[in-house]
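With compact mmCIF, C-alpha atoms inside, this is work-v8.txt:
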```txt
# COMPACT_ATOMS: atom_id res chain seq x y z
CA MET M 1 145.75 189.48 26.86
CA GLU M 2 145.99 192.39 29.24
CA ILE M 3 148.76 192.91 31.80
CA ARG M 4 148.88 195.82 34.22
CA VAL M 5 151.58 196.47 36.79
CA GLN M 6 150.49 199.42 38.88
CA ALA M 7 150.74 201.12 42.26
CA GLU M 8 147.07 202.13 42.28
CA PRO M 9 144.30 199.99 43.74
CA PHE M 10 141.95 198.23 41.31
CA ASP M 11 138.24 197.55 41.59
CA PHE M 12 138.06 193.76 41.59
CA GLY M 13 134.31 193.62 40.98
CA ALA M 14 134.42 196.10 38.12
CA GLU M 15 137.46 194.40 36.54
CA ALA M 16 135.92 190.93 36.82
CA GLY M 17 132.59 192.16 35.48
CA ALA M 18 134.12 193.99 32.53
CA PHE M 19 136.34 191.02 31.72
CA ALA M 20 133.42 188.57 31.77
CA ALA M 21 131.28 190.92 29.71
CA ARG M 22 133.71 190.92 26.77
CA GLN M 23 134.10 187.12 26.45
CA ALA M 24 131.67 186.39 23.64
CA GLY M 25 132.06 182.76 22.56
CA MET M 26 133.51 181.66 25.89
CA GLY M 27 131.63 179.54 28.42
CA ALA M 28 133.70 180.06 31.57
CA VAL M 29 135.51 182.82 33.43
CA VAL M 30 137.69 182.12 36.46
CA THR M 31 139.07 184.89 38.66
CA PHE M 32 141.51 184.88 41.54
CA THR M 33 142.57 187.77 43.72
CA GLY M 34 145.33 187.85 46.33
CA ILE M 35 145.00 190.08 49.38
CA VAL M 36 147.52 191.26 51.97
CA ARG M 37 147.35 188.78 54.86
CA ASP M 38 147.89 190.17 58.36
CA LEU M 39 150.47 188.52 60.59
CA GLU M 40 149.23 185.84 62.98
CA GLY M 41 147.84 187.79 65.91
CA GLY M 42 147.78 190.99 63.84
CA GLY M 43 150.27 193.85 63.87
CA LEU M 44 151.15 194.12 60.18
CA ARG M 45 151.52 197.80 59.33
CA ALA M 46 152.19 197.38 55.66
CA MET M 47 153.24 194.98 52.95
CA GLU M 48 155.76 196.69 50.71
CA ILE M 49 156.05 195.20 47.25
CA GLU M 50 159.13 195.91 45.19
CA HIS M 51 159.44 194.93 41.55
CA TYR M 52 161.80 195.13 38.59
CA PRO M 53 160.29 197.63 36.15
CA GLY M 54 160.72 196.39 32.61
CA MET M 55 161.41 192.77 33.49
CA THR M 56 158.17 192.43 35.45
CA GLU M 57 155.98 193.14 32.44
CA LYS M 58 158.05 190.88 30.17
CA ALA M 59 158.02 188.02 32.67
CA ILE M 60 154.25 188.21 33.14
CA GLU M 61 153.72 188.38 29.37
CA ALA M 62 155.83 185.26 28.91
CA ILE M 63 153.89 183.41 31.65
CA ALA M 64 150.53 184.46 30.20
CA SER M 65 151.61 183.50 26.66
CA GLU M 66 152.64 180.07 27.92
CA ALA M 67 149.23 179.66 29.59
CA ALA M 68 147.50 180.67 26.35
CA ASP M 69 149.58 178.08 24.44
CA ARG M 70 148.92 175.25 26.87
CA TRP M 71 145.18 175.57 27.31
CA HIS M 72 142.27 176.38 25.12
CA THR M 73 141.71 179.84 26.55
CA GLY M 74 140.25 183.06 25.32
CA ASP M 75 141.35 186.26 26.98
CA LEU M 76 143.67 186.53 30.01
CA LEU M 77 143.98 189.42 32.46
CA VAL M 78 146.71 189.96 35.06
CA ILE M 79 146.84 192.97 37.39
CA HIS M 80 149.65 193.15 39.97
CA ARG M 81 150.32 196.06 42.31
CA TYR M 82 153.53 197.31 43.86
CA GLY M 83 154.37 199.80 46.60
CA PRO M 84 153.11 199.89 50.19
CA LEU M 85 149.82 198.06 50.81
CA ALA M 86 147.73 197.76 54.00
CA PRO M 87 146.42 194.47 55.41
CA GLY M 88 143.29 193.42 53.52
CA GLU M 89 144.16 195.36 50.39
CA MET M 90 144.12 193.52 47.10
CA ILE M 91 147.59 192.83 45.74
CA MET M 92 146.79 191.25 42.44
CA MET M 93 144.21 189.46 40.34
CA VAL M 94 144.05 187.14 37.39
CA ALA M 95 141.08 186.40 35.17
CA THR M 96 140.96 183.66 32.56
CA ALA M 97 138.28 182.91 29.98
CA ALA M 98 137.82 179.61 28.16
CA PRO M 99 135.10 177.74 26.29
CA HIS M 100 134.92 175.25 29.21
CA ARG M 101 135.74 175.66 32.88
CA ALA M 102 138.58 173.12 33.17
CA ASP M 103 140.83 175.18 30.89
CA ALA M 104 139.92 178.41 32.69
CA PHE M 105 140.70 176.92 36.13
CA GLN M 106 143.96 175.32 35.01
CA ALA M 107 145.19 178.42 33.22
CA ALA M 108 144.43 180.50 36.34
CA GLU M 109 146.31 178.08 38.60
CA PHE M 110 149.25 178.00 36.22
CA LEU M 111 149.33 181.80 36.11
CA MET M 112 149.28 181.99 39.91
CA ASP M 113 152.00 179.38 40.40
CA PHE M 114 154.34 181.15 38.01
CA LEU M 115 153.51 184.70 39.13
CA LYS M 116 154.46 183.62 42.64
CA SER M 117 157.96 182.37 41.78
CA ARG M 118 158.89 183.67 38.32
CA ALA M 119 157.67 187.26 38.21
CA PRO M 120 160.17 189.68 39.78
CA PHE M 121 158.26 190.88 42.83
CA TRP M 122 159.51 190.87 46.41
CA LYS M 123 157.36 191.34 49.49
CA LYS M 124 158.45 192.95 52.71
CA GLU M 125 156.32 192.79 55.84
CA VAL M 126 156.52 195.91 57.97
CA ALA M 127 155.41 195.37 61.58
CA GLN M 128 155.69 197.49 64.69
CA ASP M 129 158.91 195.78 65.77
CA GLY M 130 160.67 195.85 62.42
CA ALA M 131 160.52 194.77 58.81
CA ASP M 132 161.34 191.48 57.13
CA TRP M 133 161.53 190.29 53.54
CA VAL M 134 159.13 187.43 52.93
CA ALA M 135 161.13 184.30 52.12
CA ALA M 136 160.20 182.22 49.10
CA ARG M 137 158.71 178.88 50.15
CA ASP M 138 159.89 175.52 48.86
CA GLU M 139 156.26 174.55 48.25
CA ASP M 140 155.93 177.45 45.83
CA GLU M 141 158.96 176.29 43.86
CA ASP M 142 157.72 172.68 43.98
CA ALA M 143 154.36 173.82 42.65
CA LEU M 144 156.01 174.69 39.32
CA ASN M 145 157.02 171.06 38.78
CA ARG M 146 153.46 169.89 38.38
CA TRP M 147 153.13 171.78 35.10
CA MET P 1 176.66 197.77 31.62
CA ASP P 2 174.16 198.38 34.43
CA VAL P 3 174.12 196.11 37.46
CA LEU P 4 170.87 196.28 39.44
CA TYR P 5 170.04 195.04 42.92
CA PHE P 6 166.63 194.34 44.40
CA ALA P 7 165.10 193.59 47.80
CA TRP P 8 167.61 192.61 50.51
CA VAL P 9 170.45 192.48 48.00
CA ARG P 10 169.89 196.19 47.37
CA GLU P 11 169.66 196.87 51.10
CA ARG P 12 172.88 195.02 51.90
CA ILE P 13 174.82 196.70 49.13
CA GLY P 14 173.33 200.07 50.02
CA HIS P 15 172.32 201.29 46.57
CA PRO P 16 170.16 200.04 43.70
CA LYS P 17 172.60 200.21 40.79
CA ASP P 18 176.22 200.19 39.66
CA CYS P 19 177.59 200.98 36.22
CA ILE P 20 180.44 198.77 35.01
CA GLU P 21 182.67 200.14 32.24
CA THR P 22 184.30 196.91 31.12
CA PRO P 23 182.28 193.84 32.11
CA PRO P 24 184.12 190.57 32.75
CA GLY P 25 183.35 187.35 30.87
CA THR P 26 180.61 185.84 32.99
CA VAL P 27 178.14 186.64 35.74
CA ARG P 28 180.27 184.65 38.21
CA GLU P 29 183.32 186.77 37.39
CA LEU P 30 181.24 189.90 37.82
CA VAL P 31 180.24 188.71 41.29
CA GLU P 32 183.89 188.06 42.14
CA ASP P 33 184.87 191.55 40.95
CA LEU P 34 182.10 193.14 43.02
CA CYS P 35 182.99 191.12 46.13
CA SER P 36 186.59 192.30 45.93
CA ARG P 37 185.42 195.92 46.02
CA GLU P 38 183.94 196.14 49.47
CA GLU P 39 182.77 193.99 52.35
CA ARG P 40 179.11 194.85 51.80
CA TYR P 41 179.20 193.23 48.35
CA ALA P 42 180.84 190.13 49.82
CA ALA P 43 178.05 190.07 52.44
CA ALA P 44 175.34 190.35 49.81
CA PHE P 45 176.89 187.63 47.61
CA ALA P 46 177.97 185.31 50.44
CA ASP P 47 175.51 182.58 49.47
CA LEU P 48 174.87 182.44 45.75
CA SER P 49 172.29 179.67 46.20
CA ALA P 50 170.11 182.30 47.91
CA LEU P 51 170.32 184.57 44.87
CA ARG P 52 168.84 184.71 41.42
CA VAL P 53 170.24 186.55 38.42
CA ALA P 54 168.63 188.09 35.38
CA VAL P 55 170.63 188.95 32.27
CA ASP P 56 168.99 191.58 30.07
CA GLN P 57 165.77 191.03 32.02
CA GLN P 58 165.67 187.25 31.46
CA LEU P 59 166.24 184.81 34.32
CA SER P 60 169.66 183.31 33.81
CA ASP P 61 172.47 181.63 35.76
CA PHE P 62 175.86 182.51 37.17
CA ASP P 63 177.75 180.96 34.25
CA ALA P 64 176.01 183.16 31.68
CA PRO P 65 178.37 185.13 29.42
CA LEU P 66 178.20 188.93 29.58
CA ASP P 67 179.36 189.71 26.06
CA GLY P 68 177.03 192.38 24.62
CA VAL P 69 174.86 192.39 27.74
CA ARG P 70 173.37 195.74 28.81
CA GLU P 71 171.84 194.89 32.17
CA VAL P 72 172.42 192.33 34.91
CA ALA P 73 170.23 192.13 38.02
CA PHE P 74 170.71 190.26 41.30
CA PHE P 75 167.86 189.49 43.67
CA PRO P 76 166.49 186.91 46.10
CA PRO P 77 163.96 184.28 45.00
CA MET P 78 160.80 186.04 43.90
CA THR P 79 157.67 186.33 46.03
CA GLY P 80 154.92 187.59 43.77
CA GLY P 81 151.26 186.74 43.67
```
Turn the structure described in the file into structure tokens.
Amino acid sequence: MEIRVQAEPFDFGAEAGAFAARQAGMGAVVTFTGIVRDLEGGGLRAMEIEHYPGMTEKAIEAIASEAADRWHTGDLLVIHRYGPLAPGEMIMMVATAAPHRADAFQAAEFLMDFLKSRAPFWKKEVAQDGADWVAARDEDEDALNRW
Amino acid sequence: MDVLYFAWVRERIGHPKDCIETPPGTVRELVEDLCSREERYAAAFADLSALRVAVDQQLSDFDAPLDGVREVAFFPPMTGG
């Protein structure tokens, strides 16, 4: 299990390739990456991501450990950035490996659902006419109930 | 004990951290103490249902005891991913 919380960009292709290359004995790798979405009609200057150093790493470790307990997975990778990001930049990625694809897909979805609502990150959209904190959505909270 | 604030809670209060010499019994009592300090705390804590709390870096609730606790953090619902 590898968890990285960092300000720096990451190379999604290189990370995904290196992850897949070290999964001897596994049959499936699933990856997801989240990118900074522009506002409708454009105009987003930056997405600023704040986090809680110390708790962030612990929370992600707990989520990843839970995923590893629930599904027959091999390795798990989570990278999440913080700081100011431009539209189109990659915010985060997860990669999951499993002997069969169903476990890899489910573990990745579980990781994403919990990273969204249980890892201490907060997003702020900075536009030309001001800045607003992104509100948590009920659907994201509801998504946790399916697990 | 350190009390940390994140996102708009930090912005409303105006700083990221307070140090409390003698913590009260529970998180809720801590909130009440802070609100009695200054209006900006009362503004930040006006709607507790809009807030989350972590006690020693674990998500917790407002009735959690503070005995032996080193760090409490207040923040809005998280928006990671």
Subject >> Counting only C-alpha atoms, chain P residues within 12 Å of chain M, as a ChimeraX atom specification >> reply: /P:4-11,16,50-60,71-81
**OP:** Could you jot down the CA of Phe45 in chain P to CA of Met1 in chain P separation for me, Å, one decimal place?
**Re:**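 Straight-line distance from CA of Phe45 in chain P to CA of Met1 in chain P works out to 18.9 Å.
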Considering all atoms listed in the file, give me a table of residues in range 67-86 of chain M that are at most 12 Å from range 8-23 of chain M, with the closest atom pair and distance in Å for each, as CSV.
```
residue,atom,partner,partner_atom,distance
M:Thr73,CA,M:Gln23,CA,10.5
M:Gly74,CA,M:Gln23,CA,7.5
M:Asp75,CA,M:Gln23,CA,7.3
M:Leu76,CA,M:Phe19,CA,8.8
M:Leu77,CA,M:Phe19,CA,7.8
M:Val78,CA,M:Glu15,CA,10.4
M:Ile79,CA,M:Phe10,CA,8.2
M:His80,CA,M:Phe10,CA,9.3
M:Arg81,CA,M:Glu8,CA,6.9
M:Tyr82,CA,M:Glu8,CA,8.2
M:Gly83,CA,M:Glu8,CA,8.8
M:Pro84,CA,M:Glu8,CA,10.2
M:Leu85,CA,M:Pro9,CA,9.2
M:Ala86,CA,M:Pro9,CA,11.0
```
Excluding range 18-35 of chain P and any residue of its chain fewer than 6 positions from it, enumerate the residues within 7 Å of it, using only C-alpha atoms, and give them as a PDB file with C-alpha atoms, in the coordinates of the input.
```
ATOM      1  CA  MET P   1     176.660 197.770  31.620  1.00  0.00           C
ATOM      2  CA  ASP P   2     174.160 198.380  34.430  1.00  0.00           C
ATOM      3  CA  VAL P   3     174.120 196.110  37.460  1.00  0.00           C
ATOM      4  CA  LEU P   4     170.870 196.280  39.440  1.00  0.00           C
ATOM      5  CA  TYR P  41     179.200 193.230  48.350  1.00  0.00           C
ATOM      6  CA  ALA P  42     180.840 190.130  49.820  1.00  0.00           C
ATOM      7  CA  PHE P  62     175.860 182.510  37.170  1.00  0.00           C
ATOM      8  CA  ASP P  63     177.750 180.960  34.250  1.00  0.00           C
ATOM      9  CA  ALA P  64     176.010 183.160  31.680  1.00  0.00           C
ATOM     10  CA  PRO P  65     178.370 185.130  29.420  1.00  0.00           C
ATOM     11  CA  LEU P  66     178.200 188.930  29.580  1.00  0.00           C
ATOM     12  CA  ASP P  67     179.360 189.710  26.060  1.00  0.00           C
TER      13      ASP P  67
END
```
Subject >> Near-Leu44 in chain M list (12 Å; all atoms listed in the file; drop same-chain fewer than 4 positions) as an MDAnalysis selection string >> reply: chainID M and resid 36:40 48 84:88 124:132
Suppose we keep C-alpha atoms; can you now write the selection as a tab-separated table (two decimals), in the coordinates of the input?
```
chain	number	residue	atom	x	y	z
M	36	VAL	CA	147.52	191.26	51.97
M	37	ARG	CA	147.35	188.78	54.86
M	38	ASP	CA	147.89	190.17	58.36
M	39	LEU	CA	150.47	188.52	60.59
M	40	GLU	CA	149.23	185.84	62.98
M	48	GLU	CA	155.76	196.69	50.71
M	84	PRO	CA	153.11	199.89	50.19
M	85	LEU	CA	149.82	198.06	50.81
M	86	ALA	CA	147.73	197.76	54.00
M	87	PRO	CA	146.42	194.47	55.41
M	88	GLY	CA	143.29	193.42	53.52
M	124	LYS	CA	158.45	192.95	52.71
M	125	GLU	CA	156.32	192.79	55.84
M	126	VAL	CA	156.52	195.91	57.97
M	127	ALA	CA	155.41	195.37	61.58
M	128	GLN	CA	155.69	197.49	64.69
M	129	ASP	CA	158.91	195.78	65.77
M	130	GLY	CA	160.67	195.85	62.42
M	131	ALA	CA	160.52	194.77	58.81
M	132	ASP	CA	161.34	191.48	57.13
```
**OP:** Please indicate the distance in Å from CA of Ala44 in chain P to CA of Asp61 in chain P, rounded to one decimal place.
**Re:** 16.8 Å
Original post:
What is the CA of Ala24 in chain M-CA of Asp69 in chain M distance in Å, reported with one decimal?
Top reply: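 CA of Ala24 in chain M sits 19.8 Å away from CA of Asp69 in chain M.
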Put a box with edges along x, y and z around all the listed atoms of range 73-76 of chain P, pad it by 8 Å on each side, then give me its centre and sizes in Å, one decimal, as AutoDock Vina command-line options.
```
--center_x 168.6 --center_y 189.5 --center_z 42.1 --size_x 20.2 --size_y 21.2 --size_z 24.1
```
